[in-house]
Every structure is written in C-alpha cells, then in structure tokens.
file run-v5.cif (mmCIF, C-alpha atoms)
data_input
loop_
_atom_site.label_atom_id
_atom_site.label_comp_id
_atom_site.auth_asym_id
_atom_site.auth_seq_id
_atom_site.Cartn_x
_atom_site.Cartn_y
_atom_site.Cartn_z
CA MET A 381 -3.94 -3.50 28.57
CA ASP A 382 -6.49 -4.90 26.14
CA ALA A 383 -5.34 -3.70 22.72
CA TYR A 384 -8.90 -4.03 21.42
CA ALA A 385 -10.02 -1.26 23.78
CA TRP A 386 -9.42 2.44 23.37
CA HIS A 387 -9.14 4.52 26.50
CA PRO A 388 -9.86 8.27 26.69
CA ILE A 389 -6.81 10.20 27.87
CA LEU A 390 -8.53 13.45 28.86
CA GLU A 391 -10.62 13.74 32.00
CA GLY A 392 -12.47 16.41 33.93
CA ASP A 393 -12.01 19.99 32.76
CA ARG A 394 -9.68 19.02 29.89
CA ALA A 395 -12.23 16.57 28.52
CA ALA A 396 -14.99 19.17 28.80
CA ARG A 397 -12.87 21.74 26.97
CA ALA A 398 -12.03 19.22 24.23
CA LEU A 399 -15.70 18.30 23.77
CA ASP A 400 -16.67 21.98 23.61
CA ALA A 401 -13.98 22.57 20.97
CA LEU A 402 -15.14 19.54 18.98
CA ARG A 403 -18.72 20.77 19.00
CA ALA A 404 -17.59 24.21 17.83
CA ILE A 405 -15.56 22.68 14.99
CA ALA A 406 -18.55 20.56 13.96
CA ARG A 407 -20.88 23.56 14.06
CA ASP A 408 -18.56 25.62 11.86
CA LEU A 409 -17.75 22.79 9.43
CA ALA A 410 -21.45 22.15 8.91
CA ARG A 411 -21.81 25.73 7.72
CA VAL A 412 -18.52 26.42 5.96
CA PRO A 413 -18.80 26.81 2.16
CA ARG A 414 -17.10 24.17 0.05
CA GLU A 415 -14.94 26.84 -1.58
CA THR A 416 -13.08 28.93 1.01
CA ASN A 417 -10.48 31.66 0.71
CA VAL A 418 -7.73 29.23 1.66
CA GLY A 419 -8.77 26.10 -0.19
CA VAL A 420 -11.49 23.57 -0.81
CA LEU A 421 -13.38 21.59 1.83
CA ARG A 422 -13.03 18.23 0.11
CA PRO A 423 -16.07 15.97 0.51
CA CYS A 424 -13.80 13.03 1.39
CA GLU A 425 -12.28 14.91 4.33
CA GLU A 426 -15.68 16.14 5.46
CA VAL A 427 -17.10 12.60 5.30
CA LEU A 428 -14.21 11.25 7.33
CA PHE A 429 -14.79 13.83 10.06
CA TRP A 430 -18.54 13.24 10.31
CA ALA A 431 -18.24 9.45 10.15
CA TYR A 432 -16.45 9.55 13.51
CA ALA A 433 -17.84 12.74 15.04
CA THR A 434 -21.46 11.61 14.76
CA GLU A 435 -20.65 8.74 17.14
CA VAL A 436 -20.23 11.37 19.88
CA LEU A 437 -22.21 14.30 18.47
CA SER A 438 -25.58 12.63 18.00
CA ASP A 439 -27.49 15.81 17.10
CA ASN A 440 -29.58 16.05 13.97
CA GLU A 441 -27.38 18.76 12.41
CA SER A 442 -24.29 16.52 12.54
CA HIS A 443 -26.08 13.55 11.00
CA ALA A 444 -27.53 15.77 8.27
CA ALA A 445 -24.07 17.16 7.52
CA TYR A 446 -22.68 13.62 7.24
CA ASP A 447 -25.47 12.60 4.85
CA ARG A 448 -24.87 15.68 2.66
CA ALA A 449 -21.12 15.12 2.54
CA LEU A 450 -21.45 11.41 1.76
CA THR A 451 -23.94 12.10 -1.01
CA ALA A 452 -21.57 14.67 -2.51
CA LEU A 453 -18.64 12.26 -2.34
CA VAL A 454 -20.57 9.37 -3.93
CA ASN A 455 -21.78 11.72 -6.69
CA ASP A 456 -18.23 12.93 -7.33
CA ALA A 457 -17.12 9.32 -7.61
CA ALA A 458 -19.95 8.44 -9.97
CA HIS A 459 -18.98 11.29 -12.30
CA GLY A 460 -15.26 10.64 -12.11
CA GLU A 461 -14.40 13.94 -10.41
CA ALA A 462 -12.27 12.39 -7.66
CA ARG A 463 -10.27 10.47 -10.26
CA ARG A 464 -8.80 13.64 -11.71
CA GLN A 465 -7.11 14.73 -8.47
CA ALA A 466 -3.32 14.66 -8.06
CA ASP A 467 -1.63 11.30 -7.53
CA GLY A 468 -1.21 9.76 -4.09
CA LEU A 469 -2.99 8.67 -0.93
CA HIS A 470 -3.68 12.28 0.03
CA GLY A 471 -4.57 13.25 -3.54
CA TRP A 472 -6.72 11.35 -6.00
CA LEU A 473 -6.72 8.18 -3.91
CA MET A 474 -8.06 9.79 -0.74
CA PRO A 475 -11.71 9.92 -1.89
CA ALA A 476 -11.47 6.23 -2.78
CA TRP A 477 -9.82 5.40 0.57
CA VAL A 478 -12.55 7.22 2.49
CA LEU A 479 -15.37 5.59 0.54
CA ASN A 480 -13.83 2.17 1.07
CA HIS A 481 -13.46 2.98 4.76
CA VAL A 482 -16.97 4.21 5.53
CA ALA A 483 -19.34 3.02 2.78
CA PRO A 484 -17.79 0.54 0.31
CA ALA A 485 -21.14 -0.85 -0.80
CA ASP A 486 -22.26 2.61 -2.00
CA ALA A 487 -19.34 2.94 -4.40
CA ALA A 488 -18.38 -0.62 -5.31
CA ASN A 489 -18.10 -0.01 -9.05
CA TYR A 490 -16.09 3.16 -8.60
CA LEU A 491 -13.69 1.47 -6.18
CA GLN A 492 -13.17 -1.47 -8.50
CA THR A 493 -12.44 0.94 -11.34
CA MET A 494 -9.93 2.80 -9.17
CA ASP A 495 -8.19 -0.47 -8.31
CA GLU A 496 -7.86 -1.33 -11.97
CA LEU A 497 -6.64 2.15 -12.91
CA LEU A 498 -4.03 2.02 -10.17
CA GLU A 499 -2.84 -1.41 -11.31
CA GLN A 500 -2.50 -0.09 -14.86
CA THR A 501 -0.59 2.97 -13.64
CA LEU A 502 1.80 0.84 -11.60
CA ARG A 503 2.72 -1.37 -14.53
CA ALA A 504 4.89 1.50 -15.69
CA ALA A 505 7.64 3.16 -13.68
CA PRO A 506 6.21 5.35 -10.87
CA SER A 507 6.24 9.07 -11.54
CA HIS A 508 5.75 10.35 -8.00
CA GLY A 509 8.47 8.59 -5.98
CA TYR A 510 8.17 6.14 -3.12
CA ASP A 511 6.65 8.28 -0.35
CA LEU A 512 3.42 8.12 1.63
CA ILE A 513 1.79 11.39 0.58
CA SER A 514 2.09 11.13 -3.20
CA GLY A 515 3.96 7.95 -4.07
CA LEU A 516 4.23 4.19 -3.83
CA ALA A 517 3.88 3.84 -0.06
CA GLY A 518 0.58 5.71 0.02
CA GLN A 519 -0.75 3.76 -2.95
CA GLY A 520 0.17 0.57 -1.11
CA ILE A 521 -1.71 1.67 2.02
CA TYR A 522 -4.83 2.21 -0.08
CA LEU A 523 -4.54 -1.23 -1.68
CA LEU A 524 -4.02 -2.96 1.66
CA ASP A 525 -7.16 -1.33 3.02
CA ARG A 526 -9.06 -2.52 -0.03
CA LEU A 527 -7.97 -6.08 0.69
CA LYS A 528 -8.44 -5.89 4.46
CA PRO A 529 -11.21 -8.08 5.94
CA ARG A 530 -13.72 -6.00 7.88
CA ASP A 531 -14.31 -6.57 11.58
CA ALA A 532 -16.28 -5.11 14.46
CA THR A 533 -13.90 -2.18 14.89
CA GLU A 534 -14.57 -0.82 11.41
CA THR A 535 -16.58 2.35 10.86
CA ASP A 536 -18.51 0.56 8.11
CA VAL A 537 -20.71 -2.14 9.65
CA SER A 538 -22.44 -3.23 6.48
CA GLY A 539 -20.51 -6.48 6.41
CA ALA A 540 -19.37 -5.79 2.87
CA ALA A 541 -16.86 -8.32 1.65
CA PRO A 542 -13.42 -7.19 0.48
CA PRO A 543 -13.08 -6.75 -3.30
CA SER A 544 -11.76 -9.28 -5.74
CA ALA A 545 -8.08 -9.62 -4.98
CA SER A 546 -6.90 -9.70 -8.57
CA ALA A 547 -6.23 -6.05 -9.47
CA SER A 548 -5.29 -5.01 -5.92
CA ALA A 549 -2.94 -7.92 -5.32
CA ILE A 550 -1.24 -7.47 -8.69
CA ALA A 551 -0.83 -3.76 -7.96
CA LEU A 552 0.79 -4.57 -4.60
CA ALA A 553 3.29 -6.79 -6.38
CA HIS A 554 4.09 -3.93 -8.78
CA ILE A 555 4.78 -1.62 -5.81
CA VAL A 556 7.21 -4.09 -4.21
CA SER A 557 9.00 -4.47 -7.54
CA HIS A 558 9.33 -0.70 -7.88
CA LEU A 559 10.58 -0.33 -4.30
CA GLU A 560 13.15 -3.06 -4.90
CA ARG A 561 14.33 -1.34 -8.07
CA LEU A 562 14.61 2.06 -6.37
CA ALA A 563 16.28 0.75 -3.20
CA GLN A 564 19.82 1.65 -2.20
CA HIS A 565 21.91 -0.70 -0.06
CA ASP A 566 24.79 0.40 2.16
CA GLY A 567 26.63 -2.93 2.43
CA LEU A 568 25.55 -3.36 6.07
CA ASN A 569 22.28 -5.12 5.30
CA HIS A 570 20.49 -1.75 5.42
CA THR A 571 18.09 -0.47 2.77
CA THR A 572 17.06 3.12 2.06
CA TRP A 573 15.52 4.96 -0.85
CA PRO A 574 17.13 7.88 -2.71
CA ARG A 575 16.88 11.42 -1.37
CA HIS A 576 17.60 13.31 -4.59
CA ALA A 577 13.95 13.85 -5.53
CA LEU A 578 13.35 15.44 -2.14
CA GLU A 579 16.45 17.58 -2.12
CA SER A 580 15.63 18.96 -5.56
CA LYS A 581 12.51 20.49 -4.01
CA GLY A 582 14.56 22.26 -1.37
CA GLU A 583 13.58 19.90 1.45
CA HIS A 584 15.93 19.37 4.38
CA ARG A 585 18.14 16.30 4.54
CA GLU A 586 16.19 15.07 7.59
CA THR A 587 13.13 14.64 5.40
CA ALA A 588 14.58 11.35 4.14
CA VAL A 589 13.98 9.75 7.55
CA CYS A 590 10.43 11.01 8.02
CA VAL A 591 6.90 9.68 7.54
CA SER A 592 5.30 11.90 4.94
CA HIS A 593 8.00 12.11 2.25
CA GLY A 594 10.70 9.75 3.50
CA VAL A 595 11.79 6.21 4.22
CA VAL A 596 9.52 5.78 7.26
CA GLY A 597 6.48 5.89 4.99
CA ALA A 598 7.85 3.02 2.91
CA VAL A 599 8.69 1.05 6.07
CA GLY A 600 5.13 1.59 7.32
CA PHE A 601 3.65 0.19 4.13
CA LEU A 602 6.02 -2.79 4.00
CA GLY A 603 5.35 -3.67 7.64
CA ARG A 604 1.62 -3.80 7.00
CA LEU A 605 2.16 -5.81 3.83
CA CYS A 606 4.31 -8.32 5.73
CA GLY A 607 1.37 -9.01 8.03
CA THR A 608 -0.76 -10.24 5.12
CA LYS A 609 -0.81 -13.22 2.79
CA TYR A 610 0.23 -10.93 -0.06
CA ALA A 611 3.79 -10.43 1.21
CA SER A 612 6.66 -11.89 -0.77
CA PRO A 613 10.14 -12.78 0.53
CA THR A 614 11.37 -9.66 -1.25
CA ALA A 615 8.91 -7.49 0.69
CA ARG A 616 10.06 -9.01 3.98
CA GLU A 617 13.71 -8.48 3.12
CA LEU A 618 13.11 -4.86 2.17
CA PHE A 619 11.13 -4.26 5.36
CA ASP A 620 13.69 -5.80 7.72
CA SER A 621 16.65 -3.96 6.23
CA ALA A 622 14.90 -0.59 5.89
CA LEU A 623 13.53 -0.88 9.42
CA ALA A 624 17.02 -1.53 10.78
CA TRP A 625 18.44 1.55 9.06
CA THR A 626 15.57 3.87 9.97
CA THR A 627 15.40 2.79 13.62
CA ALA A 628 19.14 3.29 13.97
CA GLN A 629 18.83 6.80 12.56
CA TRP A 630 16.20 7.84 15.10
CA ARG A 631 17.91 6.10 18.00
CA THR A 632 21.10 8.05 17.26
CA ARG A 633 19.30 11.37 16.88
CA LEU A 634 17.31 11.00 20.08
CA ALA A 635 20.36 9.87 22.06
CA ALA A 636 21.86 13.33 21.57
CA GLU A 637 19.20 14.77 23.93
CA SER A 638 19.06 18.05 22.02
CA PRO A 639 15.52 19.14 21.15
CA ILE A 640 14.24 17.52 17.94
CA GLU A 641 11.13 18.53 16.06
CA PRO A 642 8.43 16.08 17.23
CA VAL A 643 5.79 16.65 14.53
CA TRP A 644 4.12 13.87 12.51
CA CYS A 645 5.26 14.73 8.99
CA ARG A 646 9.01 15.16 9.44
CA GLY A 647 9.62 14.75 13.16
CA ALA A 648 10.41 12.18 15.82
CA ALA A 649 6.94 11.43 17.22
CA GLY A 650 5.46 10.62 13.82
CA SER A 651 8.41 8.43 12.84
CA VAL A 652 8.58 6.51 16.13
CA ALA A 653 4.83 5.82 16.14
CA ALA A 654 4.91 4.69 12.51
CA LEU A 655 7.92 2.42 13.05
CA ALA A 656 6.45 0.79 16.15
CA ALA A 657 3.15 0.25 14.36
CA ALA A 658 4.93 -1.24 11.34
CA VAL A 659 6.72 -3.78 13.53
CA ALA A 660 3.43 -4.72 15.18
CA HIS A 661 1.63 -5.14 11.85
CA ALA A 662 4.48 -7.33 10.60
CA GLY A 663 3.87 -9.69 13.53
CA GLY A 664 6.83 -8.59 15.62
CA LYS A 665 7.32 -7.29 19.13
CA ALA A 666 7.90 -3.56 19.30
CA GLU A 667 9.41 -3.52 22.80
CA ALA A 668 12.80 -2.91 21.20
CA LEU A 669 11.50 0.51 20.22
CA HIS A 670 10.37 1.39 23.73
CA ASP A 671 13.60 3.19 24.56
CA VAL A 672 13.18 5.25 21.39
CA ALA A 673 9.57 6.08 22.27
CA ALA A 674 10.51 7.05 25.84
CA ARG A 675 13.34 9.29 24.65
CA CYS A 676 11.04 10.80 22.07
CA ALA A 677 8.47 11.64 24.76
CA ARG A 678 11.05 13.31 26.99
CA ASN A 679 12.63 15.12 24.07
CA SER A 680 9.33 16.44 22.71
CA LEU A 681 8.53 18.36 25.87
CA GLN A 682 11.83 20.24 25.60
CA ARG A 683 10.60 21.72 22.36
CA SER A 684 9.32 25.26 22.42
CA PRO A 685 5.52 25.35 22.12
CA LEU A 686 4.24 25.23 18.55
CA ASN A 687 1.54 27.57 17.33
CA ASP A 688 0.00 25.34 14.66
CA VAL A 689 -2.42 22.67 15.86
CA GLY A 690 -2.89 20.45 12.78
CA LEU A 691 -2.08 16.76 12.41
CA CYS A 692 0.74 17.25 9.93
CA HIS A 693 3.08 19.63 11.73
CA GLY A 694 1.13 20.82 14.75
CA THR A 695 0.34 19.99 18.35
CA ALA A 696 -2.73 17.82 17.71
CA GLY A 697 -0.67 15.52 15.50
CA ILE A 698 2.04 15.16 18.15
CA ALA A 699 -0.58 14.47 20.82
CA HIS A 700 -2.20 11.79 18.67
CA MET A 701 1.12 10.04 18.00
CA PHE A 702 1.78 9.70 21.73
CA ASN A 703 -1.84 8.72 22.31
CA ARG A 704 -1.40 5.87 19.83
CA LEU A 705 1.85 4.77 21.48
CA TYR A 706 0.17 4.85 24.90
CA GLN A 707 -2.87 2.87 23.75
CA ALA A 708 -0.58 0.18 22.31
CA SER A 709 1.77 -0.04 25.29
CA GLY A 710 0.02 1.11 28.45
CA ASP A 711 3.01 3.32 29.29
CA LEU A 712 1.73 6.15 31.48
CA VAL A 713 4.67 8.37 30.52
CA LEU A 714 3.49 8.25 26.93
CA ARG A 715 -0.07 8.99 28.06
CA ASP A 716 1.07 11.99 30.09
CA THR A 717 3.04 13.27 27.11
CA ALA A 718 -0.04 12.94 24.90
CA VAL A 719 -2.10 14.84 27.48
CA ALA A 720 0.52 17.59 27.65
CA TRP A 721 0.46 18.08 23.89
CA MET A 722 -3.33 17.97 23.75
CA THR A 723 -3.42 20.61 26.48
CA ARG A 724 -1.16 22.77 24.31
CA THR A 725 -3.60 22.21 21.46
CA LEU A 726 -6.55 23.40 23.54
CA SER A 727 -4.56 26.45 24.65
CA GLN A 728 -4.31 27.54 21.00
CA ARG A 729 -8.07 27.89 20.65
CA HIS A 730 -8.89 31.55 20.07
CA ALA A 731 -5.16 32.33 20.45
CA HIS A 732 -5.07 34.17 17.12
CA ALA A 733 -8.44 35.88 17.24
CA ASP A 734 -6.81 39.29 16.85
CA VAL A 735 -4.94 38.39 13.65
CA SER A 736 -7.03 35.63 12.11
CA GLU A 737 -9.22 36.40 9.11
CA SER A 738 -11.46 33.56 10.20
CA ASP A 739 -11.37 30.48 12.34
CA ILE A 740 -13.13 27.14 12.57
CA GLY A 741 -14.16 26.18 16.07
CA GLY A 742 -11.74 28.78 17.39
CA PHE A 743 -8.72 27.28 15.61
CA ALA A 744 -6.70 28.86 12.82
CA THR A 745 -3.82 27.67 10.63
CA SER A 746 -0.64 29.58 9.88
CA PHE A 747 0.06 30.67 6.30
CA ILE A 748 2.99 32.65 4.91
CA CYS A 749 1.79 35.12 2.29
CA ALA A 750 3.74 36.28 -0.76
CA GLU A 751 5.25 39.18 1.18
CA GLY A 752 6.62 36.76 3.77
CA LYS A 753 4.15 37.83 6.43
CA GLU A 754 2.48 35.20 8.61
CA THR A 755 -1.31 35.18 8.57
CA TRP A 756 -3.83 32.96 10.35
CA LYS A 757 -6.95 31.57 8.71
CA GLY A 758 -9.55 28.92 9.34
CA TYR A 759 -8.59 25.92 7.21
CA PRO A 760 -11.01 22.97 6.74
CA ASN A 761 -8.38 20.36 5.94
CA PHE A 762 -7.46 16.88 7.22
CA LEU A 763 -3.67 17.10 7.42
CA SER A 764 -3.10 20.75 8.27
CA GLY A 765 -6.48 22.11 9.35
CA THR A 766 -9.38 21.70 11.71
CA VAL A 767 -10.78 18.47 10.23
CA GLY A 768 -7.72 16.62 11.53
CA THR A 769 -7.56 18.63 14.75
CA GLY A 770 -11.18 17.71 15.48
CA LEU A 771 -10.51 14.01 14.89
CA ALA A 772 -7.51 14.09 17.26
CA LEU A 773 -9.63 15.81 19.93
CA LEU A 774 -12.29 13.15 19.45
CA ALA A 775 -9.74 10.35 19.91
CA ALA A 776 -8.63 11.94 23.18
CA ILE A 777 -12.11 11.83 24.75
CA SER A 778 -13.76 8.84 23.03
CA SER A 779 -13.69 5.08 23.54
CA ASP A 780 -13.92 4.46 19.79
CA VAL A 781 -10.80 3.24 17.97
CA PRO A 782 -9.72 6.03 15.56
CA ASN A 783 -9.21 3.93 12.44
CA TRP A 784 -9.05 7.13 10.37
CA ASP A 785 -5.39 7.39 11.36
CA ARG A 786 -4.42 4.63 8.97
CA LEU A 787 -3.88 7.59 6.68
CA LEU A 788 -1.03 8.56 9.03
CA ILE A 789 0.26 4.93 9.34
CA CYS A 790 0.32 5.17 13.14
CA ASP A 791 -2.47 2.62 13.69
CA PHE A 792 -1.71 -0.64 15.49
CA PRO A 793 -3.35 -4.01 14.76
CA ALA A 794 -6.37 -4.93 16.84
CA ALA A 795 -4.58 -7.79 18.58
CA PRO A 796 -2.22 -7.64 21.57
CA ILE A 797 1.26 -7.20 20.08
CA ILE A 798 3.11 -4.89 22.42
CA ASP A 799 3.71 -6.03 25.98
CA SER A 800 2.06 -3.74 28.54
CA SER A 801 5.28 -3.83 30.58
CA TRP A 802 6.52 -0.93 28.44
#

call {"tool": "encode", "arguments": {"input": "run-v5.cif", "output": "structure tokens"}}
result
Amino acid sequence: MDAYAWHPILEGDRAARALDALRAIARDLARVPRETNVGVLRPCEEVLFWAYATEVLSDNESHAAYDRALTALVNDAAHGEARRQADGLHGWLMPAWVLNHVAPADAANYLQTMDELLEQTLRAAPSHGYDLISGLAGQGIYLLDRLKPRDATETDVSGAAPPSASASAIALAHIVSHLERLAQHDGLNHTTWPRHALESKGEHRETAVCVSHGVVGAVGFLGRLCGTKYASPTARELFDSALAWTTAQWRTRLAAESPIEPVWCRGAAGSVAALAAAVAHAGGKAEALHDVAARCARNSLQRSPLNDVGLCHGTAGIAHMFNRLYQASGDLVLRDTAVAWMTRTLSQRHAHADVSESDIGGFATSFICAEGKETWKGYPNFLSGTVGTGLALLAAISSDVPNWDRLLICDFPAAPIIDSSW
C-alpha cells in the first residue's frame, strides 16, 4: 500500500449515511452560538473542522463558516485572547497549533510570540506534568509542528517557510531535560514517568499507560522528535527505554484476552496506534507491534457497545485509531474493525433524541449532572463532541490525509515505514 495515499473505508450505504451525518453536523455547527449551555465553541476547533470539511462540502455556507471562524481566531490571536487559556496542547496552545496548521502566514507574529513565551515558560520547572493534554508532551508536539517543513499533504498550501528554529529548538531541548529529570528507571533499561500526580486526582492506575495523561503521550512526542535533526542522544535513550516498557505493558494486558477498554484517551486502541506511529516517526519498523494491534482489534469487538461517539472516549475515536492502523499497514482485519466501530458510531445518531436537550447533526454527548443523573446534550467540541466526530466521519469517506489527528499523536509519516505484509 502506498503510504502517501489515504483510502476511504466506508462504501455504499455506510458511506452515504456518513456523508449525510457530516452534512448535518456542518449545518448545525454553522448555526450554533459560540456560547452554548454545555461550553464554548472555540474558534480554533471550529476552524479545524471547516478546514477539512470544506474539501468535501463545497457549498457556500461551509466556506462562509470557515472564513468567519478563521477571522475570529486570527482576531483572538491578535488581541492575545488565546494566550490566556489553560496550559497545554488542548488548552492555550491549541489555537496556536491550529493557526500554524491551516494559516501560518496570517498569524506569523502571534506564533513567534507564542514560541518565545513557551521557551521562557520551559526554562523553569514544568507545572503541569509530562502528559499530552496539558503537559510537556503536548507542548513538544506543538513545537515539532512549528519546525516541520510543509509538503503537499498539508492543509496550508501557501508554501510558508517554517519559523526561525531558535526559540522552538531551545524549547524542545528544555522539554527533553525536564523529561530526563522526571524519569523513573526500573533497573531493566525501562523508563517511565511518575504516576503520583495522576493518582492524586483520583485517576485509575491504568491511566499511567495511556495516551492523554500517561506515558504513551511522552513516547509519542519522543518518537517524533527522534525523527528530526533536533533529537539528542538523551531523547533517543528515553524513547527506546520508555517504548520498551510501554509496549510490554500493553502486550501483557492484551494477552489476557479479557475485554479491555479500547478508547483513545485511556484505552488500548489509542495507545497501540500512538506507539506504532511513534516507532514509524522515529525511523523504525513497527511490524513488531502488529501482534499487539491484531489482538487489540479482536479484543475491542468483545467490548460492550459504547454510547458516546467522541474522539476521546467514544466510538468515533476507536474507529479512527483502527483506520489509522489500517492505512499504515494495509491489514484488512484492522480495516474491518474500523468499519465496525464507525458503524456503531452511525447507529448512535438520533439514539438519544428522547432524552437529549439538544443535538448537533443528530449526535449528543453524555454528561453526569450534579445529582448523578446522566443527561445528553449537543456538544461542539473536538475531543469529546461533534467537531471530532465529524472529522472522524470525514476521514472514513475521504481520500484526504487527516493531518488534524496529529493532536491525537496517531498520525504516521508520509513515507512507507510499515510493511504491507501486516
């Protein structure tokens, strides 16, 4: 399989249903108020959706919605609003990541300022841990994208050159130093990072081996760093040892054959996709992870159907993880697993119409209210809401590479790395 190509996984009636759902999501997002009863429709998330959706939805309303969202995001950047968000890739850095991804020339000064602010912040000890969502790993992903040369697969086709490497490269070195300082070694040439910050928030022990708030996020960043000229011997050593520990953890868990949560944020599918992608970015061969991916696919289908459809901990996220693994490997079992989970996603459309206060494109997100009662509401969000669900649907029916999923660290490099004999 040509790793530069992206192949739709849905055909016939499923593809038609996915396209209909995507159009409904787009129609509702174009009309949803910025302030909703369950949160804010962030301009950066809206821009990311329209940047990809307009490639398929070529109607005037979609293009107008993209222009409005991009203008709002650039204005926010110009006035420093995005800078005051919470720390992390999915906090105050997300607007900068999106602008760099889709329109770097429109916000060059803002992006350079963000790079410098991040470098200054990283000179001191990190205050938000090592994880992808709010810590060092996510900050590293942003910096790597800032330094990444642009090619024909990028959403932005302006030909804008990458920024001056000084602040970004120095900040990357700070991150590696912090990861080295925080690392724990088990005497078996394995590296992990401490769990105490997670456990103090009441998270489960398994969180330490996950993508969003665990070691897998750090491995994903280090793997990408090791594929660049900015990697140091220390970064490579940390990557190799942490990869060995994390892969062993998932191989052991999946060998038990008991159902394991497959979701992106804390589950098997997200971790396996991120680990395989990290190996590929680091210049390695990920065939050694094929047995883990195959077990993960079989195991995921034993899981009782999930009601949520979001990227973070829902069916669309699981489907997209297996879609990524299929696109990188050509393994039809992984494709069929992705199709199965995307079919479950489509089956959830309008499933909560009787209890939902609202929906977006027919999809609603589960919330637990103060009284402990579950409610369903339309939620215009990337990780947990219909923005991300729409992007996953789009990736299932489109031939465009979904580079937006770098935010999930499941993207593979655009060069053949994994043997199609998977």

call {"tool": "resolve_selection", "arguments": {"input": "run-v5.cif", "expression": "the PyMOL selection byres ((chain A and resi 661) around 8)", "output": "ChimeraX atom specification"}}
result
/A:603-604,606-607,657-660,662-664,792-793

call {"tool": "atom_distance", "arguments": {"input": "run-v5.cif", "atom1": "CA of Leu498 in chain A", "atom2": "CA of Ala458 in chain A"}}
result
17.2 Å

call {"tool": "closest_residue", "arguments": {"input": "run-v5.cif", "among": "A:Ala385, A:Ile550, A:Leu453, A:Ala654", "to": "Val781 in chain A", "atoms": "all atoms listed in the file"}}
result
A:Ala385

call {"tool": "residues_around", "arguments": {"input": "run-v5.cif", "residues": "range 396-406 of chain A", "least_positions_apart": "6", "cutoff": "12 Å", "atoms": "only C-alpha atoms", "output": "ChimeraX atom specification"}}
result
/A:388-390,412,426-427,429-434,436-446,696,719,722-730,739-744,758-761,765-778

call {"tool": "atom_distance", "arguments": {"input": "run-v5.cif", "atom1": "CA of Thr572 in chain A", "atom2": "CA of Trp625 in chain A"}}
result
7.3 Å

call {"tool": "resolve_selection", "arguments": {"input": "run-v5.cif", "expression": "the PyMOL selection byres ((chain A and resi 644) around 9)", "output": "PyMOL selection string"}}
result
chain A and resi 590-592+642-643+645-651+653+691-694+697-698+701+788

call {"tool": "residues_around", "arguments": {"input": "run-v5.cif", "residues": "Gln492 in chain A", "least_positions_apart": "6", "cutoff": "12 Å", "atoms": "all atoms listed in the file", "output": "list in words"}}
result
Ala457, Ala476, Trp477, Leu479, Asn480, Pro484, Ala485, Asp486, Leu498, Glu499, Leu523, Arg526, Leu527, Pro542, Pro543, Ser544, Ala545, Ser546, Ala547 and Ser548 of chain A

call {"tool": "atom_distance", "arguments": {"input": "run-v5.cif", "atom1": "CA of Thr451 in chain A", "atom2": "CA of Pro423 in chain A"}}
result
8.9 Å

call {"tool": "closest_residue", "arguments": {"input": "run-v5.cif", "among": "A:Val596, A:Leu669, A:Leu450, A:Cys424", "to": "Leu634 in chain A", "atoms": "only C-alpha atoms"}}
result
A:Leu669

call {"tool": "closest_residue", "arguments": {"input": "run-v5.cif", "among": "A:Ala708, A:Gly515, A:Asp447, A:Tyr522", "to": "Ala794 in chain A", "atoms": "all atoms listed in the file"}}
result
A:Ala708
